[in-house]
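S.K.: What follows is the file work07.tsv, containing TSV, C-alpha atoms:
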```
chain	number	residue	atom	x	y	z
R	1	MET	CA	-28.84	15.60	18.07
R	2	SER	CA	-25.55	17.32	18.93
R	3	ARG	CA	-25.36	15.23	22.12
R	4	ILE	CA	-25.76	12.03	20.06
R	5	ASN	CA	-23.06	13.15	17.60
R	6	ALA	CA	-20.72	14.03	20.46
R	7	GLY	CA	-21.30	10.58	21.95
R	8	ALA	CA	-20.57	8.86	18.63
R	9	ILE	CA	-17.35	10.84	18.21
R	10	ALA	CA	-16.31	10.02	21.77
R	11	ARG	CA	-16.91	6.29	21.18
R	12	TRP	CA	-14.97	6.43	17.92
R	13	TRP	CA	-12.04	8.13	19.62
R	14	ARG	CA	-12.11	5.78	22.60
R	15	ASN	CA	-12.11	2.64	20.44
R	16	LEU	CA	-9.62	3.87	17.82
R	17	ASP	CA	-5.98	2.77	17.65
R	18	ARG	CA	-4.61	6.20	18.51
R	19	VAL	CA	-0.96	5.10	18.30
R	20	THR	CA	-1.36	4.11	14.65
R	21	LEU	CA	-3.31	7.29	13.93
R	22	SER	CA	-0.52	9.33	15.54
R	23	CYS	CA	2.07	7.57	13.35
R	24	VAL	CA	0.03	8.43	10.26
R	25	GLY	CA	-0.10	12.05	11.44
R	26	ILE	CA	3.70	12.06	11.85
R	27	LEU	CA	4.17	10.77	8.29
R	28	ILE	CA	1.82	13.44	6.91
R	29	GLY	CA	3.74	16.11	8.84
R	30	LEU	CA	7.03	14.82	7.44
R	31	GLY	CA	5.47	14.92	3.99
R	32	TYR	CA	4.83	18.65	4.41
R	33	ILE	CA	8.34	19.34	5.71
R	34	LEU	CA	10.21	17.34	3.08
R	35	MET	CA	8.09	18.76	0.26
R	36	LEU	CA	9.14	22.24	1.39
R	37	ALA	CA	12.74	21.06	1.19
R	38	ALA	CA	12.70	19.06	-2.06
R	39	SER	CA	10.15	20.51	-4.45
R	40	PRO	CA	11.21	24.16	-5.13
R	41	ALA	CA	14.44	23.09	-6.87
R	42	VAL	CA	12.57	20.51	-8.97
R	43	ALA	CA	9.91	23.07	-9.96
R	44	SER	CA	12.52	25.63	-10.97
R	45	ARG	CA	14.35	23.06	-13.05
R	46	ILE	CA	11.25	22.39	-15.18
R	47	GLY	CA	10.38	26.09	-15.46
R	48	ALA	CA	7.36	26.02	-13.13
R	49	SER	CA	6.53	28.17	-10.12
R	50	ARG	CA	8.75	27.26	-7.16
R	51	ASP	CA	5.67	26.77	-5.00
R	52	MET	CA	3.67	24.66	-7.48
R	53	PHE	CA	4.47	21.25	-5.97
R	54	ILE	CA	4.14	22.62	-2.43
R	55	PHE	CA	0.61	23.97	-2.97
R	56	LYS	CA	-0.49	20.76	-4.70
R	57	GLN	CA	0.97	18.49	-2.03
R	58	VAL	CA	-0.55	20.55	0.78
R	59	ALA	CA	-3.94	19.99	-0.88
R	60	PHE	CA	-3.22	16.28	-1.43
R	61	LEU	CA	-2.08	15.64	2.14
R	62	THR	CA	-4.94	17.65	3.64
R	63	LEU	CA	-7.41	15.58	1.64
R	64	ALA	CA	-5.50	12.41	2.60
R	65	GLY	CA	-5.83	13.25	6.28
R	66	LEU	CA	-9.57	13.73	5.89
R	67	ILE	CA	-9.86	10.40	4.04
R	68	VAL	CA	-8.04	8.62	6.89
R	69	LEU	CA	-10.34	10.14	9.51
R	70	ILE	CA	-13.60	9.63	7.60
R	71	THR	CA	-12.80	6.07	6.53
R	72	SER	CA	-11.77	5.15	10.08
R	73	THR	CA	-15.33	5.86	11.26
R	74	LEU	CA	-16.87	3.25	8.95
R	75	SER	CA	-18.28	-0.03	10.14
R	76	ARG	CA	-16.67	-3.23	9.00
R	77	SER	CA	-19.47	-3.98	6.55
R	78	ALA	CA	-19.19	-0.44	5.16
R	79	VAL	CA	-15.44	-0.95	4.60
R	80	ARG	CA	-16.23	-4.13	2.67
R	81	ASN	CA	-18.87	-2.38	0.54
R	82	LEU	CA	-16.53	0.55	-0.12
R	83	ALA	CA	-13.80	-1.87	-1.26
R	84	ILE	CA	-16.16	-3.70	-3.61
R	85	PHE	CA	-17.50	-0.51	-5.15
R	86	GLY	CA	-14.07	1.16	-5.29
R	87	GLY	CA	-12.41	-1.97	-6.68
R	88	ILE	CA	-14.88	-2.16	-9.57
R	89	ILE	CA	-14.26	1.50	-10.44
R	90	ALA	CA	-10.46	1.16	-10.10
R	91	LEU	CA	-10.42	-1.98	-12.24
R	92	GLY	CA	-12.47	-0.29	-14.96
R	93	ALA	CA	-10.32	2.86	-14.85
R	94	THR	CA	-7.13	0.77	-15.01
R	95	ALA	CA	-8.49	-0.95	-18.12
R	96	MET	CA	-9.29	2.50	-19.56
R	97	THR	CA	-5.65	3.56	-19.29
R	98	LEU	CA	-4.78	1.02	-21.99
R	99	VAL	CA	-6.98	2.96	-24.43
R	100	HIS	CA	-7.09	6.57	-23.20
R	101	GLY	CA	-4.19	6.69	-20.76
R	102	MET	CA	-1.22	9.04	-20.83
R	103	GLU	CA	1.98	7.39	-22.04
R	104	ILE	CA	5.00	8.29	-19.90
R	105	LYS	CA	8.34	6.53	-20.39
R	106	GLY	CA	6.68	3.79	-22.43
R	107	ALA	CA	3.95	2.96	-19.87
R	108	ARG	CA	0.25	3.80	-19.85
R	109	ARG	CA	-0.70	4.08	-16.17
R	110	TRP	CA	-2.33	7.49	-15.80
R	111	ILE	CA	-5.59	9.17	-16.76
R	112	SER	CA	-5.41	12.92	-17.28
R	113	LEU	CA	-7.99	14.98	-15.36
R	114	PRO	CA	-8.39	18.80	-15.32
R	115	LEU	CA	-6.44	19.36	-12.08
R	116	MET	CA	-4.27	16.25	-11.82
R	117	SER	CA	-3.30	12.93	-13.34
R	118	VAL	CA	-4.70	9.82	-11.65
R	119	GLN	CA	-3.09	6.38	-11.48
R	120	PRO	CA	-6.11	4.07	-10.97
R	121	SER	CA	-3.99	1.02	-10.16
R	122	GLU	CA	-2.94	2.70	-6.88
R	123	PHE	CA	-6.48	2.20	-5.60
R	124	LEU	CA	-6.53	-1.46	-6.61
R	125	LYS	CA	-4.16	-2.32	-3.74
R	126	PRO	CA	-6.41	-1.53	-0.75
R	127	CYS	CA	-9.65	-2.50	-2.49
R	128	PHE	CA	-8.26	-5.82	-3.72
R	129	ALA	CA	-6.92	-6.68	-0.25
R	130	VAL	CA	-10.31	-6.14	1.42
R	131	VAL	CA	-12.37	-7.85	-1.31
R	132	THR	CA	-10.01	-10.84	-1.30
R	133	ALA	CA	-10.34	-11.09	2.49
R	134	TRP	CA	-14.12	-11.05	2.20
R	135	LEU	CA	-14.11	-13.77	-0.48
R	136	LEU	CA	-11.72	-16.01	1.44
R	137	ALA	CA	-13.62	-15.55	4.71
R	138	SER	CA	-17.02	-16.11	3.04
R	139	ARG	CA	-16.04	-19.56	1.78
R	140	ARG	CA	-15.75	-20.61	5.44
R	141	ARG	CA	-19.22	-19.52	6.50
R	142	ILE	CA	-21.45	-19.67	3.42
R	143	VAL	CA	-22.77	-22.95	2.06
R	144	LEU	CA	-24.61	-23.00	-1.25
R	145	ARG	CA	-27.26	-25.44	-2.35
R	146	GLY	CA	-26.14	-29.04	-2.53
R	147	ASN	CA	-23.75	-28.63	0.40
R	148	ILE	CA	-21.28	-26.74	-1.84
R	149	ALA	CA	-19.03	-24.17	-0.19
R	150	PHE	CA	-18.97	-20.63	-1.54
R	151	PRO	CA	-16.20	-20.50	-4.22
R	152	GLY	CA	-14.41	-17.59	-2.56
R	153	MET	CA	-10.87	-18.70	-3.39
R	154	LEU	CA	-11.74	-19.29	-7.05
R	155	LEU	CA	-13.28	-15.81	-7.32
R	156	ALA	CA	-10.23	-14.31	-5.61
R	157	PHE	CA	-7.93	-15.96	-8.15
R	158	ILE	CA	-10.12	-14.72	-11.01
R	159	GLY	CA	-9.89	-11.16	-9.67
R	160	PHE	CA	-6.13	-11.47	-9.25
R	161	GLY	CA	-5.82	-12.80	-12.81
R	162	ALA	CA	-7.73	-9.81	-14.19
R	163	ILE	CA	-5.44	-7.40	-12.31
R	164	LEU	CA	-2.36	-9.33	-13.46
R	165	ALA	CA	-3.41	-9.04	-17.11
R	166	LEU	CA	-4.10	-5.30	-16.86
R	167	LEU	CA	-0.89	-4.39	-15.03
R	168	LYS	CA	1.20	-6.52	-17.38
R	169	SER	CA	-0.31	-4.67	-20.33
R	170	GLN	CA	0.48	-1.18	-18.99
R	171	PRO	CA	3.18	-2.39	-17.97
R	172	ASP	CA	3.63	-1.84	-14.22
R	173	ILE	CA	5.71	-4.72	-12.89
R	174	GLY	CA	6.41	-3.00	-9.56
R	175	MET	CA	2.72	-2.57	-8.74
R	176	LEU	CA	2.00	-6.10	-9.90
R	177	SER	CA	4.76	-7.43	-7.62
R	178	VAL	CA	3.31	-5.66	-4.58
R	179	ILE	CA	-0.25	-6.86	-5.27
R	180	THR	CA	1.06	-10.39	-5.83
R	181	MET	CA	2.86	-10.32	-2.48
R	182	VAL	CA	-0.30	-9.05	-0.79
R	183	PHE	CA	-2.33	-11.85	-2.36
R	184	MET	CA	0.21	-14.52	-1.39
R	185	THR	CA	0.30	-13.19	2.18
R	186	GLN	CA	-3.47	-13.36	2.46
R	187	LEU	CA	-3.57	-16.92	1.12
R	188	PHE	CA	-0.94	-17.92	3.66
R	189	VAL	CA	-2.81	-16.27	6.53
R	190	ASP	CA	-5.99	-17.99	5.36
R	191	GLY	CA	-4.31	-21.35	5.97
R	192	LEU	CA	-3.03	-22.30	2.52
R	193	ARG	CA	-1.31	-25.67	2.69
R	194	LEU	CA	2.49	-25.74	2.58
R	195	TYR	CA	2.79	-27.39	-0.82
R	196	TRP	CA	0.54	-24.68	-2.32
R	197	VAL	CA	2.71	-22.01	-0.69
R	198	THR	CA	5.78	-23.63	-2.26
R	199	LEU	CA	4.06	-23.73	-5.64
R	200	CYS	CA	3.09	-20.06	-5.35
R	201	VAL	CA	6.65	-19.06	-4.48
R	202	ALA	CA	7.99	-21.07	-7.42
R	203	SER	CA	5.43	-19.40	-9.69
R	204	MET	CA	6.54	-15.95	-8.51
R	205	VAL	CA	10.18	-16.81	-9.25
R	206	GLY	CA	9.18	-18.03	-12.69
R	207	ALA	CA	7.12	-14.90	-13.32
R	208	PHE	CA	10.06	-12.71	-12.33
R	209	GLY	CA	12.26	-14.62	-14.80
R	210	MET	CA	9.70	-14.07	-17.55
R	211	ALA	CA	9.52	-10.35	-16.72
R	212	TYR	CA	13.31	-10.17	-16.86
R	213	ILE	CA	13.23	-11.66	-20.37
R	214	ALA	CA	10.14	-9.85	-21.70
R	215	PHE	CA	10.66	-6.30	-20.42
R	216	PRO	CA	13.89	-4.46	-21.30
R	217	HIS	CA	13.49	-1.90	-18.49
R	218	VAL	CA	13.25	-4.69	-15.90
R	219	ARG	CA	16.31	-6.39	-17.34
R	220	SER	CA	18.22	-3.10	-17.37
R	221	ARG	CA	17.45	-2.34	-13.71
R	222	VAL	CA	18.42	-5.80	-12.53
R	223	GLN	CA	21.67	-5.75	-14.50
R	224	ARG	CA	22.60	-2.33	-13.14
R	225	PHE	CA	21.90	-3.56	-9.62
R	226	LEU	CA	23.96	-6.72	-10.02
R	227	HIS	CA	26.78	-5.02	-11.94
R	228	PRO	CA	27.44	-1.57	-10.41
R	229	ASP	CA	30.26	-0.88	-12.87
R	230	VAL	CA	27.97	-1.23	-15.90
R	231	GLY	CA	25.38	1.28	-17.10
R	232	ASP	CA	24.10	4.59	-15.80
R	233	HIS	CA	24.10	4.83	-11.99
R	234	TYR	CA	23.81	8.59	-11.70
R	235	GLN	CA	20.62	8.69	-9.59
R	236	ILE	CA	21.68	5.95	-7.17
R	237	ASP	CA	25.22	7.30	-6.82
R	238	THR	CA	23.87	10.79	-6.15
R	239	ALA	CA	21.36	9.50	-3.59
R	240	LEU	CA	24.01	7.48	-1.74
R	241	ARG	CA	26.31	10.50	-1.72
R	242	ALA	CA	23.51	12.52	-0.16
R	243	PHE	CA	23.32	10.11	2.80
R	244	GLY	CA	27.06	10.42	3.25
R	245	ASN	CA	26.86	14.22	3.19
R	246	GLY	CA	24.09	14.22	5.78
R	247	GLY	CA	25.89	12.17	8.39
R	248	LEU	CA	24.20	11.74	11.75
R	249	THR	CA	22.26	15.01	12.08
R	250	GLY	CA	22.20	16.35	8.51
R	251	ARG	CA	23.42	19.51	6.82
R	252	GLY	CA	20.39	21.45	7.99
R	253	PRO	CA	17.01	22.44	6.50
R	254	GLY	CA	17.42	23.84	2.98
R	255	GLU	CA	21.16	23.09	2.87
R	256	GLY	CA	20.96	19.88	0.85
R	257	ARG	CA	22.28	19.62	-2.71
R	258	VAL	CA	20.76	16.36	-3.92
R	259	LYS	CA	17.47	18.09	-4.74
R	260	ASP	CA	19.30	20.29	-7.26
R	261	MET	CA	20.59	17.25	-9.16
R	262	LEU	CA	17.96	14.50	-8.97
R	263	PRO	CA	14.93	14.81	-11.28
R	264	ASP	CA	12.70	12.89	-8.83
R	265	ALA	CA	14.04	14.30	-5.57
R	266	HIS	CA	10.50	15.22	-4.50
R	267	ALA	CA	9.06	11.81	-5.35
R	268	ASP	CA	11.03	8.57	-5.70
R	269	PHE	CA	14.17	9.92	-3.97
R	270	VAL	CA	12.68	12.04	-1.22
R	271	PHE	CA	14.28	9.69	1.33
R	272	ALA	CA	17.70	10.87	0.10
R	273	VAL	CA	16.65	14.48	0.69
R	274	ALA	CA	15.70	13.54	4.26
R	275	GLY	CA	19.06	11.84	4.77
R	276	GLU	CA	21.09	14.79	3.50
R	277	GLU	CA	19.26	17.63	5.24
R	278	TYR	CA	18.19	15.92	8.47
R	279	GLY	CA	20.64	13.05	8.76
R	280	LEU	CA	20.61	9.44	9.88
R	281	LEU	CA	18.48	10.19	12.94
R	282	LEU	CA	15.48	11.28	10.90
R	283	CYS	CA	15.89	8.36	8.46
R	284	VAL	CA	15.90	5.88	11.34
R	285	GLY	CA	12.90	7.68	12.83
R	286	ILE	CA	10.98	7.30	9.56
R	287	ILE	CA	11.76	3.57	9.49
R	288	VAL	CA	10.61	3.22	13.11
R	289	VAL	CA	7.29	4.95	12.34
R	290	PHE	CA	6.59	2.65	9.38
R	291	GLY	CA	7.66	-0.37	11.41
R	292	THR	CA	5.39	0.64	14.29
R	293	ILE	CA	2.36	0.83	11.98
R	294	VAL	CA	3.06	-2.55	10.38
R	295	ILE	CA	3.96	-4.50	13.54
R	296	ARG	CA	1.19	-2.97	15.66
R	297	THR	CA	-1.44	-3.75	13.04
R	298	LEU	CA	-0.28	-7.35	12.67
R	299	LEU	CA	-0.32	-7.82	16.45
R	300	LYS	CA	-3.87	-6.45	16.64
R	301	ALA	CA	-4.92	-8.78	13.81
R	302	MET	CA	-3.60	-11.76	15.78
R	303	ARG	CA	-5.99	-10.91	18.61
R	304	GLU	CA	-9.03	-10.94	16.30
R	305	ASP	CA	-11.47	-13.82	15.92
R	306	ASP	CA	-13.12	-12.73	12.68
R	307	PRO	CA	-11.34	-14.27	9.63
R	308	PHE	CA	-12.31	-11.29	7.48
R	309	ILE	CA	-10.56	-8.83	9.80
R	310	ILE	CA	-7.45	-10.99	10.12
R	311	ILE	CA	-7.01	-11.49	6.37
R	312	ALA	CA	-7.97	-7.93	5.40
R	313	THR	CA	-5.70	-6.11	7.85
R	314	SER	CA	-2.80	-8.46	7.05
R	315	GLY	CA	-3.15	-7.70	3.35
R	316	LEU	CA	-3.59	-3.95	3.79
R	317	VAL	CA	-0.59	-3.49	6.06
R	318	THR	CA	1.57	-5.81	3.92
R	319	GLY	CA	0.96	-3.61	0.88
R	320	PHE	CA	1.64	-0.47	2.91
R	321	GLY	CA	4.86	-1.83	4.37
R	322	LEU	CA	6.11	-3.24	1.06
R	323	GLN	CA	5.60	0.11	-0.67
R	324	ALA	CA	7.70	1.86	1.97
R	325	PHE	CA	10.39	-0.84	1.81
R	326	VAL	CA	10.63	-0.70	-2.00
R	327	ASN	CA	11.06	3.09	-1.97
R	328	MET	CA	13.67	3.18	0.79
R	329	GLY	CA	15.41	0.02	-0.42
R	330	SER	CA	15.73	1.42	-3.94
R	331	THR	CA	17.15	4.69	-2.65
R	332	LEU	CA	19.71	2.85	-0.52
R	333	HIS	CA	20.56	0.48	-3.41
R	334	LEU	CA	19.44	-2.56	-1.43
R	335	ILE	CA	17.16	-3.67	-4.28
R	336	PRO	CA	16.93	-2.76	-7.99
R	337	THR	CA	15.50	0.72	-8.56
R	338	LYS	CA	11.72	0.98	-8.85
R	339	GLY	CA	9.69	4.13	-9.17
R	340	MET	CA	7.44	3.78	-6.11
R	341	THR	CA	6.48	6.53	-3.72
R	342	LEU	CA	7.19	6.66	0.01
R	343	PRO	CA	3.71	6.64	1.65
R	344	PHE	CA	2.50	10.11	2.74
R	345	ILE	CA	5.98	11.59	2.21
R	346	SER	CA	6.65	11.50	-1.55
R	347	TYR	CA	4.85	13.86	-3.91
R	348	GLY	CA	1.82	12.37	-5.65
R	349	GLY	CA	-1.92	12.76	-5.46
R	350	SER	CA	-2.92	9.19	-6.38
R	351	SER	CA	-0.40	7.75	-3.94
R	352	ALA	CA	-1.50	10.00	-1.09
R	353	MET	CA	-5.19	9.17	-1.61
R	354	SER	CA	-4.48	5.45	-1.94
R	355	VAL	CA	-2.38	5.09	1.23
R	356	ALA	CA	-4.90	7.29	3.08
R	357	LEU	CA	-7.67	4.89	2.06
R	358	THR	CA	-5.47	1.98	3.14
R	359	MET	CA	-4.78	3.36	6.60
R	360	GLY	CA	-8.36	4.52	7.06
R	361	MET	CA	-9.52	0.96	6.36
R	362	VAL	CA	-6.92	-0.44	8.76
R	363	LEU	CA	-8.08	1.90	11.54
R	364	ALA	CA	-11.74	1.07	10.88
R	365	LEU	CA	-11.16	-2.69	10.87
R	366	THR	CA	-8.99	-2.67	14.00
R	367	ARG	CA	-11.27	-0.33	15.92
R	368	HIS	CA	-12.36	-2.00	19.14
R	369	GLN	CA	-15.93	-3.26	18.81
R	370	VAL	CA	-18.22	-3.12	21.81
R	371	GLY	CA	-21.80	-4.15	22.48
R	372	PRO	CA	-23.42	-4.95	19.12
R	373	SER	CA	-20.19	-6.50	17.81
R	374	LYS	CA	-21.15	-9.76	19.56
R	375	VAL	CA	-24.18	-9.96	17.29
R	376	VAL	CA	-21.95	-9.28	14.29
R	377	GLN	CA	-19.56	-12.06	15.33
R	378	ALA	CA	-22.46	-14.46	15.69
R	379	ALA	CA	-23.70	-13.50	12.21
R	380	ASN	CA	-20.23	-14.17	10.83
R	381	ALA	CA	-20.04	-17.64	12.36
R	382	PRO	CA	-19.82	-20.60	9.94
R	383	LEU	CA	-23.14	-21.92	8.68
R	384	HIS	CA	-21.94	-25.49	8.22
R	385	PRO	CA	-19.23	-27.57	9.89
R	386	THR	CA	-17.88	-28.79	6.53
R	387	THR	CA	-16.49	-25.32	5.90
R	388	PHE	CA	-13.72	-26.04	8.40
R	389	GLN	CA	-11.73	-28.49	6.34
R	390	ASP	CA	-8.78	-26.12	5.91
R	391	ALA	CA	-6.08	-25.26	8.43
R	392	PRO	CA	-6.95	-22.58	10.99
R	393	LEU	CA	-6.09	-18.97	10.27
R	394	ILE	CA	-4.10	-18.61	13.47
R	395	GLU	CA	-3.46	-21.39	15.95
R	396	GLY	CA	-6.26	-21.45	18.47
R	397	ARG	CA	-8.25	-18.78	16.62
R	398	ARG	CA	-10.79	-20.86	14.77
R	399	SER	CA	-14.14	-19.04	14.57
```
Could you rewrite the structure in this file as structure tokens?
M.R.:
Amino acid sequence: MSRINAGAIARWWRNLDRVTLSCVGILIGLGYILMLAASPAVASRIGASRDMFIFKQVAFLTLAGLIVLITSTLSRSAVRNLAIFGGIIALGATAMTLVHGMEIKGARRWISLPLMSVQPSEFLKPCFAVVTAWLLASRRRIVLRGNIAFPGMLLAFIGFGAILALLKSQPDIGMLSVITMVFMTQLFVDGLRLYWVTLCVASMVGAFGMAYIAFPHVRSRVQRFLHPDVGDHYQIDTALRAFGNGGLTGRGPGEGRVKDMLPDAHADFVFAVAGEEYGLLLCVGIIVVFGTIVIRTLLKAMREDDPFIIIATSGLVTGFGLQAFVNMGSTLHLIPTKGMTLPFISYGGSSAMSVALTMGMVLALTRHQVGPSKVVQAANAPLHPTTFQDAPLIEGRRS
């Protein structure tokens, strides 16, 4: 038995994208280091133990690492089943926040548990991306009675509509924007016709205009971004000053001052702490690591023949990359401020578990398949030629 287990582990390791796994390990390591730098000052400011955030984040990141490794061992069908099951639970829990959720700064996004608060909508991102990919791919290879194609796109839009209604009610416009971008990306990769892409983009612009009118906090953030001389810019000004203080190599570990002044230095503005204490070199390094994960995953997806893998990995890595961009872009005042964590680096249990699930699914879906995978590809082949009426997913990659 031990010999069989050793062989399975060896095959998993041999077929795994070890570069992407190494990048995830680097981000987790940076999460430990920057939490040591940023969190003691924040904890002292709220009257808690200086080590409280450190101990919690060590537990969160350790669990996140295990989730990445365990999820990466799953088969592609197991990833799909996990996403379906997890998506149903996350959707139900997100709906529950509207009734029993904790209200923080006017939003109900969290459920209080004995040891931590959970934001269920964080888990909607990876689960929705995989389920949507399965639905869109299934409409190409499943034909119902009467020569009717499986209504995968309709079901995907219904699921997206349910998520849209829940996140709007919380409200969580930032999360809704990321999930919308993931959905639009997957539709585009699936071969959505150009006029539908144009219509979707126009709808997103219209939705943003409605959010600007309907939600005062959205309007306030946009106005402060467009008019730097109006309103309170304390957090952004302090963060930008931190980058200036850090220079090329930083002031040194523990020598930063931004963590003593910013309420969310350990979470939304941890990138500023990195810039002040470790300088431009580390900040560029962090961007390179995120870029490597995103670009490498997209390149691997382009070499796949299975529509499910192509659409799923594109959606997963789009959500991962967008989350990182929103956090760093907000800190650098490139976009309006939005409270979104930097994957694996910012403090937060729900965020750490969610991005761990995301990257575990990416590693599982991009794992090189040998031997029996040919049977799986044959089983995934279209069951009827009429399912190929749409444009191909990638030129020359029609299943």
S.K.: To one decimal in Å, tell me the separation between atom CA of R:Phe157 and atom CA of R:Ile111.
M.R.: 26.7 Å
S.K.: Report the distance between atom CA of R:Leu124 and atom CA of R:Gly86 in Å, rounded to one decimal place.
M.R.: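 Atom-to-atom, atom CA of R:Leu124 and atom CA of R:Gly86 are spaced 8.1 Å apart.
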S.K.: Looking at R:Gln170, R:Ser75, R:Thr249, R:Thr313, which one is nearest to R:Met96, with distances taken over all atoms listed in the file?
M.R.: R:Gln170
S.K.: One number please: atom CA of R:Ser169 to atom CA of R:Glu103, in Å, one decimal.
M.R.: 12.4 Å
S.K.: With distances taken over all atoms listed in the file, which residue among R:Phe55, R:Phe320, R:Phe243, R:Phe128 lies nearest R:Arg257?
M.R.: R:Phe243
S.K.: Considering only C-alpha atoms, can you say which of R:Ala38, R:Ile9, R:Leu74, R:Met184 comes closest to R:Cys200?
M.R.: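 Looking at the shortest contact to R:Cys200, the residue is R:Met184.
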S.K.: Considering all atoms listed in the file, return as a count of residues only whatever protein or nucleic-acid residues lie within 9 Å of R:Ile179, sequence-local ones (same chain, fewer than 3 positions apart) excluded.
M.R.: 14
S.K.: For R:Ala239, which residue among R:Val326, R:Leu357, R:Ile89, R:Leu262 is the nearest when counting all atoms listed in the file?
M.R.: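 Using all atoms listed in the file, R:Ala239 sits closest to R:Leu262.
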S.K.: Quick one: of R:Ser330, R:Ile33, R:Ala93, R:Thr366, who's nearest to R:Asp305, counting only C-alpha atoms?
M.R.: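 Among the listed residues, R:Thr366 lies closest to R:Asp305.
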S.K.: Excluding R:Val273 and its own-chain neighbours fewer than 6 positions away, which residues fall within 10 Å of it when counting only C-alpha atoms? Please give them as a list in words.
M.R.: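 Here the answer would be Leu34, Met35, Ala37, Ala38, Ala239, Ala242, Phe243, Gly246, Gly250, Pro253, Gly254, Glu255, Gly256, Arg257, Val258, Lys259, Leu262, Ala265, His266, Gly279 and Cys283 of chain R.
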S.K.: Any chance you can output those residues with C-alpha atoms as a compact mmCIF listing (two decimals), keeping the file's coordinate frame?
M.R.:
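part03.txt, freshly written:
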```txt
# COMPACT_ATOMS: atom_id res chain seq x y z
CA LEU R 34 10.21 17.34 3.08
CA MET R 35 8.09 18.76 0.26
CA ALA R 37 12.74 21.06 1.19
CA ALA R 38 12.70 19.06 -2.06
CA ALA R 239 21.36 9.50 -3.59
CA ALA R 242 23.51 12.52 -0.16
CA PHE R 243 23.32 10.11 2.80
CA GLY R 246 24.09 14.22 5.78
CA GLY R 250 22.20 16.35 8.51
CA PRO R 253 17.01 22.44 6.50
CA GLY R 254 17.42 23.84 2.98
CA GLU R 255 21.16 23.09 2.87
CA GLY R 256 20.96 19.88 0.85
CA ARG R 257 22.28 19.62 -2.71
CA VAL R 258 20.76 16.36 -3.92
CA LYS R 259 17.47 18.09 -4.74
CA LEU R 262 17.96 14.50 -8.97
CA ALA R 265 14.04 14.30 -5.57
CA HIS R 266 10.50 15.22 -4.50
CA GLY R 279 20.64 13.05 8.76
CA CYS R 283 15.89 8.36 8.46
```
S.K.: Using only C-alpha atoms, which of R:Ile173, R:Ala312, R:Leu16, R:Leu187 sits nearest R:Lys338?
M.R.: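 Of the candidates, the smallest distance to R:Lys338 is held by R:Ile173.
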S.K.: Residues at most 12 Å from R:Thr358, counting all atoms listed in the file, excluding those fewer than 5 positions away in the same chain, as a PyMOL selection string?
M.R.: chain R and resi 24+64-65+67-69+71-72+79+82-83+122-130+293+312-321+323+343-344+351-353+363-365
S.K.: Leaving out R:Cys23 and any residue of its chain fewer than 4 positions from it, which residues lie within 8 Å of it when counting all atoms listed in the file, given as a PyMOL selection string?
M.R.: chain R and resi 19+27+289-290+292-293
S.K.: Which residues, written as a list in words, have at least one atom at most 12 Å from R:Ile104, with all atoms listed in the file counted and residues fewer than 4 positions away on the same chain left out?
M.R.: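 Listed by chain and then number, they are Thr97, Arg108, Arg109, Trp110, Ile111, Ser112, Ser117, Gln119, Gln170, Pro171 and Asp172 of chain R.
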S.K.: Put the listed atoms of stretch 108-114 of chain R in a box along x, y and z with 8 Å added on every side and give me the centre and edge lengths in Å to one decimal, as JSON.
M.R.:
```
{"center_x": -4.1, "center_y": 11.3, "center_z": -17.6, "size_x": 24.6, "size_y": 31.0, "size_z": 20.5}
```
